[in-house]
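*Asks:* One file is attached below, target_0.pdb, containing PDB, C-alpha atoms and all ligand atoms.
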MODEL        1
ATOM      1  CA  MET A  26      25.168  21.601  -1.271
ATOM      2  CA  ALA A  27      24.512  17.878  -0.748
ATOM      3  CA  LEU A  28      20.805  17.145  -0.370
ATOM      4  CA  GLY A  29      21.242  13.784   1.355
ATOM      5  CA  PRO A  30      19.101  10.757   0.592
ATOM      6  CA  VAL A  31      15.917  11.249  -1.453
ATOM      7  CA  THR A  32      12.689   9.515  -0.388
ATOM      8  CA  VAL A  33       9.455   9.647  -2.351
ATOM      9  CA  LEU A  34       6.342   9.828  -0.243
ATOM     10  CA  GLY A  35       2.980   9.014  -1.766
ATOM     11  CA  ARG A  36       0.087   9.342   0.629
ATOM     12  CA  GLY A  37       2.023   7.493   3.350
ATOM     13  CA  SER A  38      -0.728   4.904   3.593
ATOM     14  CA  ASN A  39       1.616   1.942   3.571
ATOM     15  CA  ALA A  40       4.512   3.651   5.318
ATOM     16  CA  LEU A  41       5.732   3.578   8.904
ATOM     17  CA  ILE A  42       7.741   6.763   9.337
ATOM     18  CA  HIS A  43      10.434   6.764  12.033
ATOM     19  CA  ASP A  44       9.777   8.905  15.110
ATOM     20  CA  ASP A  45      12.803  11.040  14.117
ATOM     21  CA  GLY A  46      11.341  11.641  10.638
ATOM     22  CA  ILE A  47      13.011  11.036   7.292
ATOM     23  CA  PRO A  48      16.537  12.407   6.769
ATOM     24  CA  GLY A  49      17.467  14.194   3.532
ATOM     25  CA  VAL A  50      14.894  15.228   0.971
ATOM     26  CA  CYS A  51      11.321  14.001   0.813
ATOM     27  CA  LEU A  52       9.600  14.287  -2.576
ATOM     28  CA  VAL A  53       5.845  14.698  -2.838
ATOM     29  CA  LEU A  54       4.640  14.828  -6.448
ATOM     30  CA  LYS A  55       2.291  17.712  -7.298
ATOM     31  CA  GLY A  56       1.022  19.684 -10.303
ATOM     32  CA  GLU A  57       1.227  17.808 -13.609
ATOM     33  CA  LEU A  58       2.795  14.915 -11.703
ATOM     34  CA  ALA A  59      -0.489  14.557  -9.816
ATOM     35  CA  GLY A  60      -2.817  14.998 -12.779
ATOM     36  CA  ALA A  61      -4.467  12.731 -15.343
ATOM     37  CA  ARG A  62      -4.662  13.016 -19.129
ATOM     38  CA  ILE A  63      -7.403  10.897 -20.665
ATOM     39  CA  ASP A  64      -7.264   9.918 -24.318
ATOM     40  CA  GLY A  65      -9.988   7.450 -25.281
ATOM     41  CA  THR A  66      -9.502   4.384 -23.074
ATOM     42  CA  ARG A  67      -5.904   5.284 -22.246
ATOM     43  CA  VAL A  68      -4.917   7.386 -19.255
ATOM     44  CA  GLN A  69      -1.593   8.970 -18.402
ATOM     45  CA  ALA A  70      -1.752   9.374 -14.611
ATOM     46  CA  GLY A  71       0.768  11.314 -12.536
ATOM     47  CA  GLY A  72       2.585   9.400  -9.811
ATOM     48  CA  GLY A  73       1.225  11.799  -7.182
ATOM     49  CA  LEU A  74      -2.423  11.433  -8.230
ATOM     50  CA  TYR A  75      -4.610  10.128  -5.400
ATOM     51  CA  LEU A  76      -6.318   6.858  -6.339
ATOM     52  CA  ASN A  77      -9.738   8.148  -5.255
ATOM     53  CA  VAL A  78      -9.304  11.157  -7.556
ATOM     54  CA  LEU A  79      -8.260   8.819 -10.390
ATOM     55  CA  LEU A  80     -11.410   6.745  -9.841
ATOM     56  CA  ARG A  81     -13.559   9.879  -9.884
ATOM     57  CA  ARG A  82     -11.983  11.051 -13.166
ATOM     58  CA  LEU A  83     -12.562   7.607 -14.688
ATOM     59  CA  ASP A  84     -16.192   7.676 -13.547
ATOM     60  CA  GLU A  85     -16.670  11.065 -15.211
ATOM     61  CA  ALA A  86     -15.130   9.668 -18.416
ATOM     62  CA  GLY A  87     -17.237   6.470 -18.286
ATOM     63  CA  LEU A  88     -14.181   4.242 -18.054
ATOM     64  CA  ALA A  89     -13.933   0.917 -16.223
ATOM     65  CA  GLY A  90     -10.987  -1.301 -15.331
ATOM     66  CA  ALA A  91      -9.565   0.294 -12.169
ATOM     67  CA  GLU A  92     -12.100  -1.217  -9.755
ATOM     68  CA  ALA A  93      -9.197  -2.987  -8.018
ATOM     69  CA  PHE A  94      -8.294   0.364  -6.436
ATOM     70  CA  ALA A  95     -11.665   0.798  -4.749
ATOM     71  CA  GLY A  96     -11.062   1.794  -1.134
ATOM     72  CA  VAL A  97      -7.264   1.624  -1.461
ATOM     73  CA  PRO A  98      -5.846   4.876  -0.071
ATOM     74  CA  GLY A  99      -2.702   6.127  -1.749
ATOM     75  CA  THR A 100      -1.280   7.535  -4.943
ATOM     76  CA  VAL A 101      -0.718   6.100  -8.395
ATOM     77  CA  GLY A 102       3.059   6.001  -7.717
ATOM     78  CA  GLY A 103       2.556   4.145  -4.446
ATOM     79  CA  ALA A 104       0.163   1.733  -6.140
ATOM     80  CA  VAL A 105       2.766   0.990  -8.830
ATOM     81  CA  VAL A 106       5.590   0.437  -6.340
ATOM     82  CA  MET A 107       3.395  -1.774  -4.121
ATOM     83  CA  ASN A 108       1.442  -3.401  -6.996
ATOM     84  CA  ALA A 109      -1.568  -2.419  -4.913
ATOM     85  CA  GLY A 110      -4.878  -4.146  -5.358
ATOM     86  CA  THR A 111      -7.689  -6.154  -3.907
ATOM     87  CA  SER A 112      -9.591  -9.312  -4.725
ATOM     88  CA  LEU A 113     -10.848  -7.356  -7.775
ATOM     89  CA  GLY A 114      -7.360  -7.209  -9.333
ATOM     90  CA  GLU A 115      -4.079  -5.368  -8.965
ATOM     91  CA  ALA A 116      -2.096  -2.497 -10.470
ATOM     92  CA  LYS A 117      -0.223  -4.730 -12.911
ATOM     93  CA  ASP A 118      -3.500  -5.607 -14.675
ATOM     94  CA  LEU A 119      -3.894  -2.101 -16.055
ATOM     95  CA  ILE A 120      -0.389  -0.650 -16.310
ATOM     96  CA  GLU A 121       0.917  -0.509 -19.885
ATOM     97  CA  ALA A 122       4.113   1.390 -19.085
ATOM     98  CA  ILE A 123       5.521   3.758 -16.503
ATOM     99  CA  THR A 124       7.751   6.801 -16.828
ATOM    100  CA  VAL A 125      10.407   6.962 -14.140
ATOM    101  CA  VAL A 126      13.180   9.300 -13.091
ATOM    102  CA  LEU A 127      16.316   7.316 -12.325
ATOM    103  CA  PRO A 128      18.580   8.241  -9.381
ATOM    104  CA  GLY A 129      20.984  10.000 -11.800
ATOM    105  CA  GLY A 130      18.159  12.220 -13.106
ATOM    106  CA  GLU A 131      17.582  10.432 -16.456
ATOM    107  CA  VAL A 132      13.994   9.832 -17.545
ATOM    108  CA  ALA A 133      13.155   6.305 -18.727
ATOM    109  CA  GLU A 134      10.100   4.378 -19.815
ATOM    110  CA  ILE A 135       9.532   0.855 -18.471
ATOM    111  CA  ALA A 136       6.940  -1.469 -19.985
ATOM    112  CA  GLY A 137       4.439  -2.940 -17.516
ATOM    113  CA  GLU A 138       5.722  -6.477 -18.101
ATOM    114  CA  ASP A 139       9.243  -5.340 -17.163
ATOM    115  CA  CYS A 140       8.236  -3.813 -13.807
ATOM    116  CA  GLY A 141       8.780  -7.115 -11.958
ATOM    117  CA  PHE A 142       5.260  -7.107 -10.530
ATOM    118  CA  ALA A 143       4.395  -9.781  -7.996
ATOM    119  CA  TYR A 144       1.959  -9.952  -5.086
ATOM    120  CA  ARG A 145       2.161  -6.508  -3.404
ATOM    121  CA  HIS A 146       5.598  -5.999  -4.909
ATOM    122  CA  SER A 147       7.342  -4.452  -7.900
ATOM    123  CA  GLY A 148      10.927  -5.102  -8.844
ATOM    124  CA  LEU A 149      11.715  -1.451  -9.593
ATOM    125  CA  PRO A 150      15.317  -0.486  -8.808
ATOM    126  CA  PRO A 151      15.773   1.399  -5.527
ATOM    127  CA  GLY A 152      15.723   5.167  -5.810
ATOM    128  CA  VAL A 153      13.529   5.466  -8.927
ATOM    129  CA  VAL A 154      10.683   7.970  -8.895
ATOM    130  CA  VAL A 155       7.493   6.874 -10.631
ATOM    131  CA  ALA A 156       6.515  10.076 -12.449
ATOM    132  CA  PHE A 157       3.670   8.743 -14.623
ATOM    133  CA  ALA A 158       1.801   5.520 -15.252
ATOM    134  CA  GLY A 159       0.106   4.752 -18.556
ATOM    135  CA  LEU A 160      -3.109   2.844 -17.847
ATOM    136  CA  ALA A 161      -5.236   0.819 -20.274
ATOM    137  CA  LEU A 162      -8.943   0.918 -19.407
ATOM    138  CA  SER A 163     -12.158  -0.045 -21.113
ATOM    139  CA  ASP A 164     -15.543   1.522 -21.748
ATOM    140  CA  ASP A 165     -17.855   0.888 -18.812
ATOM    141  CA  ASP A 166     -20.706  -1.515 -19.515
ATOM    142  CA  GLY A 167     -22.664  -0.041 -16.600
ATOM    143  CA  SER A 168     -21.619  -2.559 -13.952
ATOM    144  CA  ARG A 169     -18.576  -0.717 -12.614
ATOM    145  CA  ALA A 170     -20.275   1.409  -9.944
ATOM    146  CA  ALA A 171     -22.265  -1.499  -8.491
ATOM    147  CA  ILE A 172     -19.160  -3.723  -8.268
ATOM    148  CA  ARG A 173     -17.276  -1.019  -6.395
ATOM    149  CA  ARG A 174     -20.173  -0.201  -4.077
ATOM    150  CA  ALA A 175     -20.634  -3.837  -3.026
ATOM    151  CA  PHE A 176     -16.903  -4.219  -2.471
ATOM    152  CA  LEU A 177     -16.672  -1.065  -0.316
ATOM    153  CA  GLU A 178     -19.636  -2.145   1.821
ATOM    154  CA  ARG A 179     -17.877  -5.480   2.571
ATOM    155  CA  ARG A 180     -14.710  -3.594   3.478
ATOM    156  CA  LYS A 181     -16.427  -1.254   5.923
ATOM    157  CA  LEU A 182     -17.749  -4.262   7.818
ATOM    158  CA  SER A 183     -14.429  -6.105   8.030
ATOM    159  CA  GLN A 184     -11.727  -3.411   8.364
ATOM    160  CA  PRO A 185     -11.076  -0.717  11.032
ATOM    161  CA  LEU A 186     -11.300   2.127   8.519
ATOM    162  CA  SER A 187     -12.070   4.802  11.135
ATOM    163  CA  GLN A 188      -8.717   4.335  12.907
ATOM    164  CA  PRO A 189      -5.277   5.285  11.526
ATOM    165  CA  SER A 190      -3.219   2.318  10.297
ATOM    166  CA  CYS A 191      -0.727   1.334   7.600
ATOM    167  CA  GLY A 192      -3.274  -0.988   5.970
ATOM    168  CA  SER A 193      -2.322  -4.652   5.887
ATOM    169  CA  THR A 194       0.732  -5.056   8.084
ATOM    170  CA  PHE A 195       1.850  -8.343   6.492
ATOM    171  CA  THR A 196       1.334  -9.937   3.093
ATOM    172  CA  ASN A 197      -0.664 -13.151   3.175
ATOM    173  CA  PRO A 198       1.549 -16.256   3.243
ATOM    174  CA  PRO A 199       0.877 -18.700   0.380
ATOM    175  CA  GLY A 200      -2.431 -20.504   0.940
ATOM    176  CA  ASP A 201      -3.212 -18.723   4.200
ATOM    177  CA  PHE A 202      -4.106 -15.346   5.677
ATOM    178  CA  ALA A 203      -1.883 -13.275   7.956
ATOM    179  CA  ALA A 204      -4.998 -12.113   9.838
ATOM    180  CA  ARG A 205      -6.053 -15.719  10.546
ATOM    181  CA  LEU A 206      -2.636 -16.637  11.954
ATOM    182  CA  ILE A 207      -2.447 -13.520  14.152
ATOM    183  CA  GLN A 208      -5.992 -14.091  15.411
ATOM    184  CA  GLU A 209      -5.350 -17.812  16.081
ATOM    185  CA  ALA A 210      -2.266 -16.778  18.061
ATOM    186  CA  GLY A 211      -4.643 -14.895  20.373
ATOM    187  CA  LEU A 212      -3.289 -11.468  19.500
ATOM    188  CA  LYS A 213      -6.474  -9.611  18.493
ATOM    189  CA  GLY A 214      -6.645  -6.509  20.700
ATOM    190  CA  PHE A 215      -3.039  -6.932  21.930
ATOM    191  CA  THR A 216      -1.621  -3.487  22.722
ATOM    192  CA  ILE A 217       1.834  -1.972  23.089
ATOM    193  CA  GLY A 218       1.824   1.704  24.127
ATOM    194  CA  GLY A 219      -0.698   3.417  21.848
ATOM    195  CA  ALA A 220      -0.577   0.721  19.154
ATOM    196  CA  GLN A 221      -3.102  -2.087  18.976
ATOM    197  CA  ILE A 222      -3.728  -5.157  16.839
ATOM    198  CA  SER A 223      -7.236  -4.326  15.681
ATOM    199  CA  ASP A 224      -9.978  -6.448  17.213
ATOM    200  CA  LYS A 225     -11.887  -6.006  13.933
ATOM    201  CA  HIS A 226      -9.175  -7.288  11.560
ATOM    202  CA  ALA A 227      -5.989  -8.792  13.007
ATOM    203  CA  ASN A 228      -3.751  -7.752  10.071
ATOM    204  CA  PHE A 229      -4.488  -4.069  10.753
ATOM    205  CA  PHE A 230      -2.359  -2.508  13.508
ATOM    206  CA  VAL A 231      -4.060   0.698  14.581
ATOM    207  CA  ASN A 232      -3.007   3.870  16.345
ATOM    208  CA  LEU A 233      -5.280   4.359  19.359
ATOM    209  CA  GLY A 234      -4.355   8.045  19.449
ATOM    210  CA  ASP A 235      -0.851   8.505  20.772
ATOM    211  CA  ALA A 236       1.113   5.593  19.291
ATOM    212  CA  SER A 237       4.740   6.222  18.404
ATOM    213  CA  ALA A 238       6.263   4.571  15.353
ATOM    214  CA  GLU A 239       8.349   2.581  17.837
ATOM    215  CA  ASP A 240       5.136   1.224  19.463
ATOM    216  CA  ILE A 241       3.971  -0.003  16.043
ATOM    217  CA  ARG A 242       7.396  -1.489  15.278
ATOM    218  CA  ARG A 243       7.438  -3.396  18.588
ATOM    219  CA  LEU A 244       3.927  -4.672  17.932
ATOM    220  CA  ILE A 245       4.934  -5.913  14.469
ATOM    221  CA  VAL A 246       7.968  -7.710  15.906
ATOM    222  CA  HIS A 247       5.830  -9.240  18.671
ATOM    223  CA  ALA A 248       3.253 -10.534  16.183
ATOM    224  CA  ARG A 249       5.951 -11.960  13.882
ATOM    225  CA  ARG A 250       7.694 -13.694  16.789
ATOM    226  CA  THR A 251       4.462 -15.129  18.232
ATOM    227  CA  VAL A 252       3.231 -16.452  14.856
ATOM    228  CA  LEU A 253       6.674 -17.937  14.124
ATOM    229  CA  GLU A 254       6.773 -19.715  17.493
ATOM    230  CA  ARG A 255       3.161 -20.966  17.285
ATOM    231  CA  PHE A 256       2.877 -21.957  13.644
ATOM    232  CA  GLY A 257       6.427 -21.898  12.190
ATOM    233  CA  VAL A 258       5.306 -19.241   9.666
ATOM    234  CA  ARG A 259       7.559 -16.242   9.039
ATOM    235  CA  LEU A 260       5.216 -13.376   8.184
ATOM    236  CA  THR A 261       6.520 -10.902   5.586
ATOM    237  CA  PRO A 262       5.892  -7.235   6.401
ATOM    238  CA  GLU A 263       3.970  -5.378   3.692
ATOM    239  CA  VAL A 264       4.430  -2.032   5.437
ATOM    240  CA  LYS A 265       7.431   0.026   4.250
ATOM    241  CA  LEU A 266       9.754   1.536   6.835
ATOM    242  CA  LEU A 267      10.800   5.088   5.974
ATOM    243  CA  GLY A 268      13.499   6.929   7.918
ATOM    244  CA  PRO A 269      16.596   5.871   9.874
ATOM    245  CA  TRP A 270      15.455   2.351  10.838
ATOM    246  CA  PRO A 271      18.100  -0.361  11.252
ATOM    247  CA  GLU A 272      18.037  -3.162   8.635
ATOM    248  CA  ASP A 273      16.768  -5.652  11.208
ATOM    249  CA  ALA A 274      14.097  -3.354  12.732
ATOM    250  CA  LEU A 275      11.285  -5.857  12.088
ATOM    251  CA  GLU A 276      13.192  -9.087  12.753
ATOM    252  CA  PRO A 277      11.332 -11.372  15.156
TER     253      PRO A 277
HETATM  254  C1  LIG B 301      -7.042   1.591   5.545
HETATM  255  C2  LIG B 301      -6.055   1.076   4.522
HETATM  256  C3  LIG B 301      -6.477   0.107   3.624
HETATM  257  C4  LIG B 301      -5.587  -0.396   2.672
HETATM  258  N1  LIG B 301      -6.029  -1.339   1.785
HETATM  259  C5  LIG B 301      -5.195  -1.793   0.832
HETATM  260  C6  LIG B 301      -5.640  -2.757  -0.129
HETATM  261  O1  LIG B 301      -6.778  -3.198  -0.121
HETATM  262  N2  LIG B 301      -4.768  -3.194  -1.081
HETATM  263  C7  LIG B 301      -3.493  -2.720  -1.140
HETATM  264  O2  LIG B 301      -2.748  -3.119  -2.036
HETATM  265  N3  LIG B 301      -3.032  -1.808  -0.236
HETATM  266  C8  LIG B 301      -3.845  -1.335   0.731
HETATM  267  N4  LIG B 301      -3.390  -0.435   1.645
HETATM  268  C9  LIG B 301      -1.977   0.000   1.583
HETATM  269  C10 LIG B 301      -1.728   1.241   0.700
HETATM  270  O3  LIG B 301      -2.932   1.944   0.495
HETATM  271  C11 LIG B 301      -1.134   0.856  -0.661
HETATM  272  O4  LIG B 301       0.066   0.123  -0.518
HETATM  273  C12 LIG B 301      -0.850   2.102  -1.525
HETATM  274  O5  LIG B 301      -0.524   1.676  -2.828
HETATM  275  C13 LIG B 301       0.287   2.934  -0.977
HETATM  276  O6  LIG B 301       0.306   4.149  -1.705
HETATM  277  P1  LIG B 301       0.902   5.472  -1.075
HETATM  278  O7  LIG B 301       0.866   6.502  -2.137
HETATM  279  O8  LIG B 301       0.218   5.822   0.206
HETATM  280  O9  LIG B 301       2.388   5.002  -0.813
HETATM  281  P2  LIG B 301       3.321   5.352   0.456
HETATM  282  O10 LIG B 301       2.805   4.619   1.650
HETATM  283  O11 LIG B 301       3.520   6.808   0.570
HETATM  284  O12 LIG B 301       4.683   4.671  -0.038
HETATM  285  C14 LIG B 301       4.807   3.275  -0.182
HETATM  286  C15 LIG B 301       6.158   2.998  -0.838
HETATM  287  O13 LIG B 301       6.134   3.467  -2.182
HETATM  288  C16 LIG B 301       7.152   4.448  -2.391
HETATM  289  N5  LIG B 301       6.583   5.437  -3.315
HETATM  290  C17 LIG B 301       5.415   6.109  -3.198
HETATM  291  N6  LIG B 301       5.196   6.880  -4.274
HETATM  292  C18 LIG B 301       6.249   6.708  -5.095
HETATM  293  C19 LIG B 301       6.624   7.217  -6.376
HETATM  294  N7  LIG B 301       5.869   8.112  -7.037
HETATM  295  N8  LIG B 301       7.790   6.797  -6.922
HETATM  296  C20 LIG B 301       8.581   5.914  -6.277
HETATM  297  N9  LIG B 301       8.301   5.393  -5.068
HETATM  298  C21 LIG B 301       7.135   5.775  -4.493
HETATM  299  C22 LIG B 301       7.480   5.007  -1.012
HETATM  300  O14 LIG B 301       8.801   5.524  -0.955
HETATM  301  C23 LIG B 301       7.311   3.744  -0.161
HETATM  302  O15 LIG B 301       8.454   2.912  -0.236
HETATM  303  C24 LIG B 301      -4.259   0.085   2.622
HETATM  304  C25 LIG B 301      -3.844   1.082   3.531
HETATM  305  C26 LIG B 301      -4.732   1.566   4.476
HETATM  306  C27 LIG B 301      -4.262   2.627   5.435
ENDMDL
END
Could you spell out this file's structure in structure tokens?
Ligand SMILES: Cc1cc2nc3c(=O)[nH]c(=O)nc-3n(C[C@H](O)[C@H](O)[C@H](O)COP(=O)(O)OP(=O)(O)OC[C@H]3O[C@@H](n4cnc5c(N)ncnc54)[C@H](O)[C@@H]3O)c2cc1C
*Replies:*
Amino acid sequence: MALGPVTVLGRGSNALIHDDGIPGVCLVLKGELAGARIDGTRVQAGGGLYLNVLLRRLDEAGLAGAEAFAGVPGTVGGAVVMNAGTSLGEAKDLIEAITVVLPGGEVAEIAGEDCGFAYRHSGLPPGVVVAFAGLALSDDDGSRAAIRRAFLERRKLSQPLSQPSCGSTFTNPPGDFAARLIQEAGLKGFTIGGAQISDKHANFFVNLGDASAEDIRRLIVHARRTVLERFGVRLTPEVKLLGPWPEDALEP
């Protein structure tokens, strides 16, 4: 029996899932693939492990080095694929190697420097499943918790964390901020259906309660088109479309 296309879903925190769902098979990694093995300052983390659980395990083990994931929802696999991070650093800073399952079913190891990491991007071939990530950490000198606490407090003030969103909708263009451009275009609070450009942070597009994925898509296209017309800047979506979306779904 053909299973159809295979899609890996982490925590869905950077994904816009089509209103008709995702065709084929959706993989969610559990069990050993969502666990962590700690050996000194090295950690083998399952692709399905939630980042907040990883941070808790590292705290218990007195390990520092993953502060960049503070307040980033998602899984280790999603963080690898997206090279997730914050102003405190990004996934590529701590990944030594990853273990992947290739589309044909073979298991392979890829060194961190060969993952093609760039700003909120990895160059992993389509269809690979990130099963494990080997992380290099360091012994905590006692400053880790305070750094994270201060960072999270700043976040709470500047981001609409109590409303559902896909996180940052666009990556920041070189030398600028997507939120600044969207705000300068007068789009803060702009609403389509149940989807709104947050009036707290203009790069967060929030679900007011009954937004469809199509509402969010139309809002993204509207923001891209408006910013392109006003400032000549073509914003690059950070959000990943999952499901039967056409190739040009987010074209302005
Ligand atoms: C409130 C909020 C704040 C956020 N803040 C930040 C931030 O500060 N910095 C930041 O970088 N991001 C941020 N994000 C975005 C998001 O948290 C990250 O991109 C995160 O790494 C996504 O992980 P995930 O497990 O949810 O991935 P998903 O959204 O489930 O998937 C993202 C992509 O990765 C693929 N994928 C997931 N797991 C695997 C796997 N094991 N193997 C292969 N492919 C996989 C999916 O198919 C999809 O293409 C934020 C999101 C929200 C909602």
*Asks:* Compile the contact shell of Val105 of chain A as a PyMOL selection string: residues with an atom at most 12 Å away, counting only C-alpha atoms, same-chain residues fewer than 6 positions apart removed.
*Replies:* chain A and resi 35+70-74+76+94+99+115-125+135+137+140-149+153-160
*Asks:* Take the residues from that selection and write them out as a JSON list (two decimals), keeping the file's coordinate frame, keeping C-alpha atoms.
*Replies:*
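Contents of again11.json, as written:
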[["chain", "number", "residue", "atom", "x", "y", "z"],
["A", 35, "GLY", "CA", 2.98, 9.01, -1.77],
["A", 70, "ALA", "CA", -1.75, 9.37, -14.61],
["A", 71, "GLY", "CA", 0.77, 11.31, -12.54],
["A", 72, "GLY", "CA", 2.58, 9.40, -9.81],
["A", 73, "GLY", "CA", 1.23, 11.80, -7.18],
["A", 74, "LEU", "CA", -2.42, 11.43, -8.23],
["A", 76, "LEU", "CA", -6.32, 6.86, -6.34],
["A", 94, "PHE", "CA", -8.29, 0.36, -6.44],
["A", 99, "GLY", "CA", -2.70, 6.13, -1.75],
["A", 115, "GLU", "CA", -4.08, -5.37, -8.96],
["A", 116, "ALA", "CA", -2.10, -2.50, -10.47],
["A", 117, "LYS", "CA", -0.22, -4.73, -12.91],
["A", 118, "ASP", "CA", -3.50, -5.61, -14.68],
["A", 119, "LEU", "CA", -3.89, -2.10, -16.06],
["A", 120, "ILE", "CA", -0.39, -0.65, -16.31],
["A", 121, "GLU", "CA", 0.92, -0.51, -19.89],
["A", 122, "ALA", "CA", 4.11, 1.39, -19.08],
["A", 123, "ILE", "CA", 5.52, 3.76, -16.50],
["A", 124, "THR", "CA", 7.75, 6.80, -16.83],
["A", 125, "VAL", "CA", 10.41, 6.96, -14.14],
["A", 135, "ILE", "CA", 9.53, 0.86, -18.47],
["A", 137, "GLY", "CA", 4.44, -2.94, -17.52],
["A", 140, "CYS", "CA", 8.24, -3.81, -13.81],
["A", 141, "GLY", "CA", 8.78, -7.12, -11.96],
["A", 142, "PHE", "CA", 5.26, -7.11, -10.53],
["A", 143, "ALA", "CA", 4.39, -9.78, -8.00],
["A", 144, "TYR", "CA", 1.96, -9.95, -5.09],
["A", 145, "ARG", "CA", 2.16, -6.51, -3.40],
["A", 146, "HIS", "CA", 5.60, -6.00, -4.91],
["A", 147, "SER", "CA", 7.34, -4.45, -7.90],
["A", 148, "GLY", "CA", 10.93, -5.10, -8.84],
["A", 149, "LEU", "CA", 11.72, -1.45, -9.59],
["A", 153, "VAL", "CA", 13.53, 5.47, -8.93],
["A", 154, "VAL", "CA", 10.68, 7.97, -8.90],
["A", 155, "VAL", "CA", 7.49, 6.87, -10.63],
["A", 156, "ALA", "CA", 6.52, 10.08, -12.45],
["A", 157, "PHE", "CA", 3.67, 8.74, -14.62],
["A", 158, "ALA", "CA", 1.80, 5.52, -15.25],
["A", 159, "GLY", "CA", 0.11, 4.75, -18.56],
["A", 160, "LEU", "CA", -3.11, 2.84, -17.85]]
*Asks:* Taking all atoms listed in the file into account, which residues are within 8 Å of ligand LIG 301 (chain B), as a VMD selection string?
*Replies:* chain A and resid 32 to 41 53 to 54 72 to 73 75 94 to 111 115 125 145 152 to 157 184 to 186 189 to 193 263 to 267
*Asks:* Take atom CA of Asn228 of chain A and atom CA of Gly114 of chain A and report the distance between them in Å, one decimal.
*Replies:*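 Answer for the atom CA of Asn228 of chain A to atom CA of Gly114 of chain A separation: 19.7 Å.
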*Asks:* Rounded to one decimal place, report the atom CA of Lys225 of chain A-atom CA of Arg169 of chain A distance in Å.
*Replies:*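 The value is 27.9 Å.
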*Asks:* Of the residues A:Gly234, A:Phe202, A:Glu92, A:Ala136, which is the one nearest to Arg174 of chain A, using only C-alpha atoms?
*Replies:* A:Glu92
*Asks:* Using the chain letters and numbering of this document, enumerate as a PyMOL selection string the residues selected by the PyMOL selection byres (((chain A and resi 207) around 9) and not hetatm).
*Replies:* chain A and resi 202-206+208-213+222+227-228+248-249+251-252
*Asks:* Within 9 Å of Asp240 of chain A, counting all atoms listed in the file, which residues qualify if same-chain residues fewer than 2 places away don't, as a PyMOL selection string?
*Replies:* chain A and resi 216-221+236-238+242-245
*Asks:* Using only C-alpha atoms for the distances, tell me which of A:Leu253, A:Ile241, A:Ala89, A:Val132 is nearest to Arg173 of chain A.
*Replies:*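 Checking each of A:Leu253, A:Ile241, A:Ala89, A:Val132 against Arg173 of chain A, counting only C-alpha atoms, the winner is A:Ala89.
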*Asks:* In Å, rounded to a single decimal, give me how far atom CA of Ser112 of chain A is from atom CA of Pro199 of chain A.
*Replies:*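 So the two atoms, atom CA of Pro199 of chain A and atom CA of Ser112 of chain A, lie 15.0 Å apart.
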*Asks:* Using all atoms listed in the file for the distances, tell me which of A:Leu275, A:Ala170, A:Gly29, A:Gly129 is nearest to Arg81 of chain A.
*Replies:*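 Selected residue with least distance to Arg81 of chain A: A:Ala170.
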*Asks:* Identify the residues within 8 Å of coordinate (18.6, 10.9, 2.9) (same frame as the file), considering only C-alpha atoms, and give the answer as a PyMOL selection string.
*Replies:* chain A and resi 28-32+47-50
*Asks:* With all atoms listed in the file as the atoms that count, which of A:Asp224, A:Glu272, A:Asp165, A:Asp235 lies nearest to Gly90 of chain A?
*Replies:*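 Looking only at the distances to Gly90 of chain A, the closest residue turns out to be A:Asp165.
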*Asks:* Please determine an axis-aligned box that encloses all atoms of segment 59-75 of chain A listed in the file, with 3 Å added on each side, and express its centre and edge lengths in Å to one decimal as AutoDock Vina command-line options.
*Replies:*
--center_x -3.7 --center_y 9.7 --center_z -15.3 --size_x 18.6 --size_y 16.6 --size_z 25.9
*Asks:* Let me make sure I understand: among A:Val231, A:Ser168, A:Arg82, A:Leu260, which one has the smallest atom-to-atom distance to Asn197 of chain A if we use only C-alpha atoms?
*Replies:*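 Between A:Val231, A:Ser168, A:Arg82, A:Leu260, the residue approaching Asn197 of chain A most closely is A:Leu260.
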*Asks:* Could N, CA, C and O atoms be built for segment 146-151 of chain A and written out as a PDB file, keeping the file's coordinate frame?
*Replies:*
ATOM      1  N   HIS A 146       4.169  -6.247  -4.719  1.00  0.00           N
ATOM      2  CA  HIS A 146       5.598  -5.999  -4.909  1.00  0.00           C
ATOM      3  C   HIS A 146       5.864  -5.617  -6.359  1.00  0.00           C
ATOM      4  O   HIS A 146       5.228  -6.141  -7.268  1.00  0.00           O
ATOM      5  N   SER A 147       6.809  -4.681  -6.554  1.00  0.00           N
ATOM      6  CA  SER A 147       7.342  -4.452  -7.900  1.00  0.00           C
ATOM      7  C   SER A 147       8.850  -4.594  -7.784  1.00  0.00           C
ATOM      8  O   SER A 147       9.407  -4.405  -6.708  1.00  0.00           O
ATOM      9  N   GLY A 148       9.468  -4.921  -8.892  1.00  0.00           N
ATOM     10  CA  GLY A 148      10.927  -5.102  -8.844  1.00  0.00           C
ATOM     11  C   GLY A 148      11.651  -3.861  -9.317  1.00  0.00           C
ATOM     12  O   GLY A 148      12.735  -3.966  -9.879  1.00  0.00           O
ATOM     13  N   LEU A 149      11.069  -2.677  -9.110  1.00  0.00           N
ATOM     14  CA  LEU A 149      11.715  -1.451  -9.593  1.00  0.00           C
ATOM     15  C   LEU A 149      13.007  -1.209  -8.814  1.00  0.00           C
ATOM     16  O   LEU A 149      13.051  -1.443  -7.603  1.00  0.00           O
ATOM     17  N   PRO A 150      14.048  -0.718  -9.511  1.00  0.00           N
ATOM     18  CA  PRO A 150      15.317  -0.486  -8.808  1.00  0.00           C
ATOM     19  C   PRO A 150      15.147   0.557  -7.710  1.00  0.00           C
ATOM     20  O   PRO A 150      14.330   1.476  -7.850  1.00  0.00           O
ATOM     21  N   PRO A 151      15.909   0.424  -6.608  1.00  0.00           N
ATOM     22  CA  PRO A 151      15.773   1.399  -5.527  1.00  0.00           C
ATOM     23  C   PRO A 151      16.093   2.807  -6.028  1.00  0.00           C
ATOM     24  O   PRO A 151      16.938   2.976  -6.911  1.00  0.00           O
TER      25      PRO A 151
END
